[in-house]
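Q: Please see the structure below; I have some questions.
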Amino acid sequence: MQRKQIKPALYLLGFLSFLFISCQTYAQSADATNLYHRGLAATCANCHGTDGKGVVDGGMPLINTLTSEQMLAQLKAFKSGAREGTIMPQLAKGYSDEQLEIIANQLGKK
């Protein structure tokens, strides 16, 4: 009789262990995704400053005033060649549309 009671308890323990491991994996995955998104946006800091706030005497446009939608439109215009620039058309062509969207969402005003 006692053996029959232990079996459901073991199943429950196994399920709870699986649930715990799954939650940890999800948290790590979310952290990795967030780090990837921040890393993509950080590439803009070389010219546009941290979070697009500009570089003193850098001569680059401030991009922290743009909404996510405006920034994405500008990035896509550079990528397609509809907007000219010195380096931005070349840089934008190196990113997928999904990556440009991530950058715009990270740096643009919400």
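Ligands are numbered from 1 in the order shown, residues from 1 within each chain, and chains are lettered A, B, ... in the order they appear in the structure tokens.
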Skipping near chain neighbours, those fewer than 4 positions away, what residues fall within 10 Å of segment 94-102 of chain A using only C-alpha atoms, listed as a list in words?
A: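 Contacts, with the query itself left out: Tyr36, His37, Arg38, Leu40, Ala41, Ser68, Glu69, Met71, Leu72, Ala73, Gln74, Leu75, Lys76, Lys79, Met88, Pro89, Gln90, Gln106, Leu107 and Gly108 of chain A.
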Q: Convert the current residue selection to file output with all heavy atoms, as a short mmCIF file (atom, residue, chain, number, x, y, z; two decimals), in the first residue's frame.
A:
```
data_model
loop_
_atom_site.label_atom_id
_atom_site.label_comp_id
_atom_site.auth_asym_id
_atom_site.auth_seq_id
_atom_site.Cartn_x
_atom_site.Cartn_y
_atom_site.Cartn_z
N TYR A 36 21.14 40.34 -26.94
CA TYR A 36 21.30 40.43 -28.39
C TYR A 36 20.71 41.74 -28.91
O TYR A 36 21.32 42.44 -29.70
CB TYR A 36 20.64 39.22 -29.07
CG TYR A 36 20.55 39.33 -30.57
CD1 TYR A 36 21.69 39.27 -31.37
CD2 TYR A 36 19.32 39.49 -31.20
CE1 TYR A 36 21.61 39.36 -32.75
CE2 TYR A 36 19.23 39.58 -32.58
CZ TYR A 36 20.37 39.51 -33.35
OH TYR A 36 20.28 39.61 -34.71
N HIS A 37 19.50 42.08 -28.45
CA HIS A 37 18.84 43.32 -28.88
C HIS A 37 19.65 44.53 -28.46
O HIS A 37 19.86 45.45 -29.26
CB HIS A 37 17.44 43.40 -28.29
CG HIS A 37 16.48 42.41 -28.87
ND1 HIS A 37 15.15 42.45 -28.59
CD2 HIS A 37 16.66 41.37 -29.72
CE1 HIS A 37 14.54 41.46 -29.24
NE2 HIS A 37 15.45 40.80 -29.93
N ARG A 38 20.13 44.54 -27.24
CA ARG A 38 20.93 45.67 -26.77
C ARG A 38 22.26 45.76 -27.53
O ARG A 38 22.75 46.85 -27.81
CB ARG A 38 21.18 45.54 -25.26
CG ARG A 38 19.90 45.79 -24.46
CD ARG A 38 20.04 45.62 -22.97
NE ARG A 38 21.31 46.05 -22.44
CZ ARG A 38 21.93 45.46 -21.42
NH1 ARG A 38 21.40 44.43 -20.84
NH2 ARG A 38 23.08 45.92 -20.99
N LEU A 40 22.80 44.85 -30.67
CA LEU A 40 22.54 45.43 -31.99
C LEU A 40 22.45 46.95 -31.89
O LEU A 40 23.05 47.67 -32.69
CB LEU A 40 21.25 44.89 -32.58
CG LEU A 40 21.29 43.53 -33.23
CD1 LEU A 40 19.89 43.11 -33.67
CD2 LEU A 40 22.23 43.51 -34.42
N ALA A 41 21.71 47.45 -30.91
CA ALA A 41 21.53 48.89 -30.76
C ALA A 41 22.82 49.57 -30.34
O ALA A 41 23.08 50.72 -30.70
CB ALA A 41 20.43 49.18 -29.74
N SER A 68 10.23 54.98 -32.56
CA SER A 68 10.66 53.71 -33.16
C SER A 68 10.24 53.63 -34.62
O SER A 68 11.01 53.18 -35.47
CB SER A 68 10.06 52.53 -32.39
OG SER A 68 10.52 52.52 -31.07
N GLU A 69 9.04 54.11 -34.91
CA GLU A 69 8.53 54.07 -36.29
C GLU A 69 9.34 54.98 -37.20
O GLU A 69 9.66 54.62 -38.33
CB GLU A 69 7.05 54.47 -36.33
CG GLU A 69 6.12 53.49 -35.65
CD GLU A 69 6.04 53.66 -34.13
OE1 GLU A 69 6.46 54.72 -33.60
OE2 GLU A 69 5.57 52.73 -33.46
N MET A 71 12.43 56.00 -36.74
CA MET A 71 13.78 55.45 -36.88
C MET A 71 13.79 54.29 -37.86
O MET A 71 14.68 54.21 -38.73
CB MET A 71 14.32 55.01 -35.52
CG MET A 71 15.79 54.67 -35.56
SD MET A 71 16.49 54.35 -33.94
CE MET A 71 16.23 55.89 -33.12
N LEU A 72 12.81 53.41 -37.77
CA LEU A 72 12.74 52.28 -38.69
C LEU A 72 12.56 52.76 -40.12
O LEU A 72 13.20 52.24 -41.04
CB LEU A 72 11.60 51.33 -38.30
CG LEU A 72 11.47 50.08 -39.15
CD1 LEU A 72 12.74 49.25 -39.12
CD2 LEU A 72 10.27 49.25 -38.69
N ALA A 73 11.75 53.77 -40.33
CA ALA A 73 11.55 54.32 -41.67
C ALA A 73 12.86 54.87 -42.23
O ALA A 73 13.19 54.65 -43.40
CB ALA A 73 10.47 55.41 -41.65
N GLN A 74 13.62 55.56 -41.40
CA GLN A 74 14.90 56.12 -41.84
C GLN A 74 15.91 55.01 -42.16
O GLN A 74 16.61 55.05 -43.17
CB GLN A 74 15.49 57.05 -40.77
CG GLN A 74 14.68 58.30 -40.54
CD GLN A 74 14.58 59.16 -41.79
OE1 GLN A 74 15.56 59.38 -42.49
NE2 GLN A 74 13.37 59.62 -42.07
N LEU A 75 15.96 54.00 -41.28
CA LEU A 75 16.88 52.89 -41.51
C LEU A 75 16.55 52.14 -42.80
O LEU A 75 17.44 51.80 -43.58
CB LEU A 75 16.86 51.93 -40.32
CG LEU A 75 17.49 52.46 -39.03
CD1 LEU A 75 17.16 51.54 -37.86
CD2 LEU A 75 18.99 52.64 -39.18
N LYS A 76 15.27 51.92 -43.05
CA LYS A 76 14.86 51.25 -44.28
C LYS A 76 15.13 52.11 -45.51
O LYS A 76 15.48 51.59 -46.57
CB LYS A 76 13.38 50.86 -44.20
CG LYS A 76 13.13 49.67 -43.30
CD LYS A 76 11.68 49.24 -43.36
CE LYS A 76 11.45 47.95 -42.60
NZ LYS A 76 10.07 47.48 -42.70
N LYS A 79 18.73 51.71 -46.23
CA LYS A 79 18.99 50.38 -46.78
C LYS A 79 18.56 50.28 -48.24
O LYS A 79 19.26 49.69 -49.06
CB LYS A 79 18.27 49.32 -45.94
CG LYS A 79 18.57 47.90 -46.38
CD LYS A 79 17.93 46.88 -45.46
CE LYS A 79 18.26 45.48 -45.95
NZ LYS A 79 17.78 44.45 -45.03
N MET A 88 25.76 55.49 -43.54
CA MET A 88 24.53 54.82 -43.13
C MET A 88 23.94 53.88 -44.20
O MET A 88 23.50 52.78 -43.86
CB MET A 88 23.47 55.82 -42.67
CG MET A 88 23.68 56.29 -41.24
SD MET A 88 23.78 54.96 -40.01
CE MET A 88 22.21 54.14 -40.22
N PRO A 89 23.95 54.24 -45.48
CA PRO A 89 23.43 53.28 -46.46
C PRO A 89 24.20 51.97 -46.46
O PRO A 89 23.62 50.89 -46.55
CB PRO A 89 23.58 54.01 -47.80
CG PRO A 89 23.55 55.45 -47.44
CD PRO A 89 24.25 55.53 -46.11
N GLN A 90 25.51 52.07 -46.31
CA GLN A 90 26.33 50.85 -46.29
C GLN A 90 26.06 50.03 -45.03
O GLN A 90 25.96 48.80 -45.09
CB GLN A 90 27.81 51.23 -46.37
CG GLN A 90 28.17 51.93 -47.65
CD GLN A 90 29.51 52.64 -47.55
OE1 GLN A 90 30.30 52.38 -46.64
NE2 GLN A 90 29.77 53.55 -48.47
N GLN A 106 14.72 49.35 -29.90
CA GLN A 106 15.61 49.57 -28.76
C GLN A 106 15.90 51.06 -28.56
O GLN A 106 15.91 51.54 -27.43
CB GLN A 106 16.92 48.82 -28.94
CG GLN A 106 16.86 47.36 -28.68
CD GLN A 106 16.66 47.01 -27.22
OE1 GLN A 106 15.74 46.29 -26.89
NE2 GLN A 106 17.48 47.48 -26.35
N LEU A 107 16.15 51.77 -29.65
CA LEU A 107 16.61 53.16 -29.54
C LEU A 107 15.51 54.19 -29.67
O LEU A 107 15.63 55.30 -29.14
CB LEU A 107 17.68 53.44 -30.59
CG LEU A 107 19.00 52.73 -30.41
CD1 LEU A 107 19.94 53.03 -31.57
CD2 LEU A 107 19.66 53.11 -29.09
N GLY A 108 14.44 53.85 -30.37
CA GLY A 108 13.38 54.83 -30.60
C GLY A 108 12.55 55.07 -29.37
O GLY A 108 12.44 54.23 -28.48
#
```
Q: Please list as a ChimeraX atom specification every residue within 12 Å of Ala45 of chain A, counting only C-alpha atoms and excluding residues in the same chain fewer than 2 positions away.
A: /A:38-43,47-55,58,60-64,103,107
Q: Please write the residues from the selection above to a file, keeping N, CA, C and O atoms, as a compact mmCIF listing (two decimals), in the first residue's frame.
A:
```
# COMPACT_ATOMS: atom_id res chain seq x y z
N ARG A 38 20.13 44.54 -27.24
CA ARG A 38 20.93 45.67 -26.77
C ARG A 38 22.26 45.76 -27.53
O ARG A 38 22.75 46.85 -27.81
N GLY A 39 22.81 44.60 -27.87
CA GLY A 39 24.07 44.59 -28.63
C GLY A 39 23.91 45.17 -30.02
O GLY A 39 24.79 45.90 -30.49
N LEU A 40 22.80 44.85 -30.67
CA LEU A 40 22.54 45.43 -31.99
C LEU A 40 22.45 46.95 -31.89
O LEU A 40 23.05 47.67 -32.69
N ALA A 41 21.71 47.45 -30.91
CA ALA A 41 21.53 48.89 -30.76
C ALA A 41 22.82 49.57 -30.34
O ALA A 41 23.08 50.72 -30.70
N ALA A 42 23.68 48.87 -29.62
CA ALA A 42 24.94 49.45 -29.16
C ALA A 42 25.88 49.79 -30.31
O ALA A 42 26.73 50.68 -30.16
N THR A 43 25.72 49.12 -31.43
CA THR A 43 26.59 49.42 -32.57
C THR A 43 26.40 50.85 -33.06
O THR A 43 27.30 51.43 -33.65
N CYS A 47 28.84 56.22 -33.41
CA CYS A 47 28.66 57.50 -34.10
C CYS A 47 27.62 58.39 -33.44
O CYS A 47 27.78 59.60 -33.40
N HIS A 48 26.55 57.77 -32.92
CA HIS A 48 25.41 58.54 -32.42
C HIS A 48 25.38 58.66 -30.90
O HIS A 48 24.44 59.23 -30.35
N GLY A 49 26.38 58.11 -30.22
CA GLY A 49 26.43 58.21 -28.77
C GLY A 49 25.55 57.18 -28.09
O GLY A 49 24.70 56.55 -28.72
N THR A 50 25.77 57.02 -26.80
CA THR A 50 24.99 56.06 -26.02
C THR A 50 23.51 56.42 -26.08
O THR A 50 23.13 57.56 -25.84
N ASP A 51 22.71 55.43 -26.40
CA ASP A 51 21.26 55.60 -26.53
C ASP A 51 20.87 56.70 -27.51
O ASP A 51 19.80 57.29 -27.39
N GLY A 52 21.74 57.00 -28.47
CA GLY A 52 21.44 57.98 -29.50
C GLY A 52 21.45 59.42 -29.03
O GLY A 52 20.94 60.31 -29.71
N LYS A 53 22.06 59.68 -27.85
CA LYS A 53 22.05 61.02 -27.27
C LYS A 53 23.12 61.93 -27.85
O LYS A 53 23.23 63.08 -27.47
N GLY A 54 23.91 61.42 -28.76
CA GLY A 54 24.90 62.24 -29.45
C GLY A 54 26.28 62.18 -28.83
O GLY A 54 26.46 61.73 -27.71
N VAL A 55 27.23 62.64 -29.60
CA VAL A 55 28.62 62.74 -29.18
C VAL A 55 29.00 64.20 -29.31
O VAL A 55 28.75 64.82 -30.36
N GLY A 58 30.56 65.66 -32.42
CA GLY A 58 30.64 64.48 -33.28
C GLY A 58 30.12 64.73 -34.68
O GLY A 58 30.47 64.03 -35.61
N MET A 60 27.25 64.15 -35.81
CA MET A 60 26.24 63.18 -36.23
C MET A 60 24.88 63.61 -35.70
O MET A 60 24.78 64.20 -34.63
N PRO A 61 23.83 63.27 -36.43
CA PRO A 61 22.49 63.62 -35.96
C PRO A 61 22.14 62.92 -34.64
O PRO A 61 22.57 61.79 -34.40
N LEU A 62 21.40 63.64 -33.81
CA LEU A 62 20.87 63.02 -32.60
C LEU A 62 19.70 62.15 -33.03
O LEU A 62 18.79 62.61 -33.72
N ILE A 63 19.71 60.91 -32.61
CA ILE A 63 18.63 60.02 -33.02
C ILE A 63 17.71 59.68 -31.85
O ILE A 63 16.72 58.98 -32.03
N ASN A 64 18.00 60.21 -30.67
CA ASN A 64 17.17 59.89 -29.50
C ASN A 64 15.85 60.64 -29.50
O ASN A 64 15.03 60.43 -28.62
N ILE A 103 16.65 47.28 -33.71
CA ILE A 103 17.41 48.50 -33.40
C ILE A 103 16.47 49.67 -33.18
O ILE A 103 16.60 50.42 -32.21
N LEU A 107 16.15 51.77 -29.65
CA LEU A 107 16.61 53.16 -29.54
C LEU A 107 15.51 54.19 -29.67
O LEU A 107 15.63 55.30 -29.14
```
Q: Restricting the calculation to only C-alpha atoms, which member of A:Leu91, A:Gly85, A:Lys109, A:Ala32 is positioned closest to Thr67 of chain A?
A: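 Selected residue with least distance to Thr67 of chain A: A:Lys109.
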Q: Atom CA of Cys44 of chain A and atom CA of Ile87 of chain A are how many Å apart?
A: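 Distance between the two atoms: 11.7 Å.
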Q: Assign secondary structure with DSSP using the backbone only, and return the residues of segment 41-109 of chain A in helix (DSSP H, G or I) as a PyMOL selection string.
A: chain A and resi 41-42+45-48+50-52+68-80+88-93+97-107
Q: Taking into account only C-alpha atoms, which residue in the set A:Asn105, A:Ser29, A:Asn34, A:Thr86 is nearest to Gln70 of chain A?
A: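 Closest to Gln70 of chain A of all the choices is A:Asn105.
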Q: To one decimal place in Å, what is the distance between atom CA of Arg83 of chain A and atom CA of Leu66 of chain A?
A: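 That distance, rounded to one decimal, is 16.3 Å.
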